[in-house]
$ cat final.pdb   # PDB, C-alpha atoms
ATOM      1  CA  MET V  21      52.527 102.574  24.647  1.00  0.00           C
ATOM      2  CA  GLN V  22      50.601 100.768  27.343  1.00  0.00           C
ATOM      3  CA  CYS V  23      50.203 101.375  31.051  1.00  0.00           C
ATOM      4  CA  THR V  24      51.390  98.645  33.371  1.00  0.00           C
ATOM      5  CA  THR V  25      48.798  99.764  35.928  1.00  0.00           C
ATOM      6  CA  GLY V  26      45.634 101.700  35.218  1.00  0.00           C
ATOM      7  CA  SER V  27      44.546 103.159  31.915  1.00  0.00           C
ATOM      8  CA  LEU V  28      46.130 105.513  29.398  1.00  0.00           C
ATOM      9  CA  GLN V  29      44.436 108.922  29.574  1.00  0.00           C
ATOM     10  CA  CYS V  30      44.829 112.325  27.935  1.00  0.00           C
ATOM     11  CA  CYS V  31      44.128 115.059  30.492  1.00  0.00           C
ATOM     12  CA  ASP V  32      43.800 118.809  30.014  1.00  0.00           C
ATOM     13  CA  SER V  33      45.961 119.269  33.098  1.00  0.00           C
ATOM     14  CA  THR V  34      47.472 117.416  36.020  1.00  0.00           C
ATOM     15  CA  SER V  35      48.240 118.669  39.498  1.00  0.00           C
ATOM     16  CA  SER V  36      48.772 117.641  43.075  1.00  0.00           C
ATOM     17  CA  SER V  37      45.745 116.977  45.261  1.00  0.00           C
ATOM     18  CA  THR V  38      47.046 119.758  47.542  1.00  0.00           C
ATOM     19  CA  ASP V  39      46.495 122.381  44.804  1.00  0.00           C
ATOM     20  CA  PRO V  40      43.575 124.547  46.093  1.00  0.00           C
ATOM     21  CA  GLY V  41      41.582 124.256  42.848  1.00  0.00           C
ATOM     22  CA  ILE V  42      42.050 120.496  42.665  1.00  0.00           C
ATOM     23  CA  ALA V  43      41.255 120.105  46.374  1.00  0.00           C
ATOM     24  CA  SER V  44      37.989 122.026  45.899  1.00  0.00           C
ATOM     25  CA  LEU V  45      37.008 119.886  42.909  1.00  0.00           C
ATOM     26  CA  LEU V  46      37.798 116.672  44.788  1.00  0.00           C
ATOM     27  CA  SER V  47      35.793 117.905  47.761  1.00  0.00           C
ATOM     28  CA  LEU V  48      32.773 118.570  45.512  1.00  0.00           C
ATOM     29  CA  LEU V  49      33.054 114.993  44.231  1.00  0.00           C
ATOM     30  CA  GLY V  50      33.259 113.639  47.799  1.00  0.00           C
ATOM     31  CA  ILE V  51      36.850 112.421  47.414  1.00  0.00           C
ATOM     32  CA  ASN V  52      39.078 112.522  50.502  1.00  0.00           C
ATOM     33  CA  VAL V  53      42.167 114.553  49.545  1.00  0.00           C
ATOM     34  CA  GLN V  54      44.306 112.900  52.251  1.00  0.00           C
ATOM     35  CA  ASP V  55      43.922 109.540  50.510  1.00  0.00           C
ATOM     36  CA  ILE V  56      45.576 110.801  47.299  1.00  0.00           C
ATOM     37  CA  SER V  57      49.351 110.900  46.923  1.00  0.00           C
ATOM     38  CA  ALA V  58      49.798 110.736  43.132  1.00  0.00           C
ATOM     39  CA  LEU V  59      48.844 113.350  40.549  1.00  0.00           C
ATOM     40  CA  VAL V  60      45.230 114.137  39.731  1.00  0.00           C
ATOM     41  CA  GLY V  61      44.244 114.485  36.077  1.00  0.00           C
ATOM     42  CA  VAL V  62      41.518 116.968  35.144  1.00  0.00           C
ATOM     43  CA  THR V  63      39.173 116.645  32.147  1.00  0.00           C
ATOM     44  CA  CYS V  64      40.529 113.328  30.912  1.00  0.00           C
ATOM     45  CA  SER V  65      39.632 111.082  28.018  1.00  0.00           C
ATOM     46  CA  PRO V  66      40.951 107.608  27.231  1.00  0.00           C
ATOM     47  CA  ILE V  67      43.671 107.079  24.655  1.00  0.00           C
ATOM     48  CA  THR V  68      42.926 103.823  22.874  1.00  0.00           C
ATOM     49  CA  VAL V  69      45.461 103.735  20.028  1.00  0.00           C
ATOM     50  CA  VAL V  70      48.890 105.328  19.834  1.00  0.00           C
ATOM     51  CA  GLY V  71      50.783 105.482  16.580  1.00  0.00           C
ATOM     52  CA  ALA V  72      49.990 105.928  12.919  1.00  0.00           C
ATOM     53  CA  GLY V  73      46.468 107.223  12.519  1.00  0.00           C
ATOM     54  CA  GLY V  74      45.760 106.756  16.197  1.00  0.00           C
ATOM     55  CA  THR V  75      44.496 109.081  18.864  1.00  0.00           C
ATOM     56  CA  SER V  76      46.868 111.924  19.642  1.00  0.00           C
ATOM     57  CA  CYS V  77      47.187 113.773  22.909  1.00  0.00           C
ATOM     58  CA  SER V  78      48.342 117.367  22.698  1.00  0.00           C
ATOM     59  CA  GLU V  79      47.900 117.897  26.439  1.00  0.00           C
ATOM     60  CA  GLN V  80      49.247 115.637  29.216  1.00  0.00           C
ATOM     61  CA  PRO V  81      49.302 111.881  28.550  1.00  0.00           C
ATOM     62  CA  VAL V  82      49.167 109.959  31.831  1.00  0.00           C
ATOM     63  CA  CYS V  83      48.538 106.492  33.218  1.00  0.00           C
ATOM     64  CA  CYS V  84      45.806 106.660  35.882  1.00  0.00           C
ATOM     65  CA  THR V  85      44.706 103.969  38.302  1.00  0.00           C
ATOM     66  CA  ASN V  86      41.203 105.380  38.913  1.00  0.00           C
ATOM     67  CA  ASN V  87      39.149 107.030  36.180  1.00  0.00           C
ATOM     68  CA  SER V  88      35.711 106.257  37.599  1.00  0.00           C
ATOM     69  CA  PHE V  89      34.587 109.911  37.640  1.00  0.00           C
ATOM     70  CA  LYS V  90      33.482 110.095  33.965  1.00  0.00           C
ATOM     71  CA  GLY V  91      36.568 112.055  32.880  1.00  0.00           C
ATOM     72  CA  VAL V  92      36.073 114.956  35.284  1.00  0.00           C
ATOM     73  CA  VAL V  93      39.074 113.797  37.278  1.00  0.00           C
ATOM     74  CA  ALA V  94      41.351 110.774  37.177  1.00  0.00           C
ATOM     75  CA  LEU V  95      43.267 109.680  40.267  1.00  0.00           C
ATOM     76  CA  GLY V  96      46.652 108.050  40.728  1.00  0.00           C
ATOM     77  CA  CYS V  97      48.138 109.518  37.546  1.00  0.00           C
ATOM     78  CA  THR V  98      51.711 109.183  36.357  1.00  0.00           C
ATOM     79  CA  PRO V  99      52.963 111.260  33.382  1.00  0.00           C
ATOM     80  CA  ILE V 100      54.259 109.295  30.404  1.00  0.00           C
ATOM     81  CA  ASN V 101      56.004 110.173  27.169  1.00  0.00           C
ATOM     82  CA  ILE V 102      54.155 108.941  24.071  1.00  0.00           C
ATOM     83  CA  ASN V 103      56.447 110.605  21.530  1.00  0.00           C
ATOM     84  CA  LEU V 104      57.623 107.532  19.677  1.00  0.00           C
TER      85      LEU V 104
END

$ encode --input "final.pdb" --output "structure tokens"
Amino acid sequence: MQCTTGSLQCCDSTSSSTDPGIASLLSLLGINVQDISALVGVTCSPITVVGAGGTSCSEQPVCCTNNSFKGVVALGCTPININL
């Protein structure tokens, strides 16, 4: 599975930027909540290989357009199904 935009990430959780906990975290990172319309991934790590012997994701696999916050949050996330 590949993402057509962004990178494939495994996040502990995803939520809307309007969620109070997510909004607080984004505020601490200096990210304007009004600029975010897609899901926000929290505590994310990249998934590099999917399939036999590859990296598995037991939490929420997502494609994210902005993961420049060292895995703390990923922005512009879209859930995907990697169960092949």

$ resolve_selection --input "final.pdb" --expression "the PyMOL selection byres ((chain V and resi 45-53) around 12)" --output "ChimeraX atom specification"
/V:35-44,54-63,86,88-90,92-96

$ atom_distance --input "final.pdb" --atom1 "CA of Thr24 in chain V" --atom2 "CA of Gln80 in chain V"
17.6 Å

$ resolve_selection --input "final.pdb" --expression "the PyMOL selection byres ((chain V and resi 84) around 7)" --output "list in words"
Gly26, Ser27, Leu28, Gln29, Val82, Cys83, Thr85, Asn86, Asn87, Ala94, Leu95, Gly96, Cys97 and Thr98 of chain V

$ resolve_selection --input "final.pdb" --expression "the PyMOL selection byres ((chain V and resi 66) around 7)" --output "VMD selection string"
chain V and resid 28 to 30 64 to 65 67 to 68

$ axis_aligned_box --input "final.pdb" --around "range 43-61 of chain V" --padding-each-side "3 Å" --output "AutoDock Vina command-line options"
--center_x 41.3 --center_y 115.8 --center_z 44.2 --size_x 23.0 --size_y 18.5 --size_z 22.2
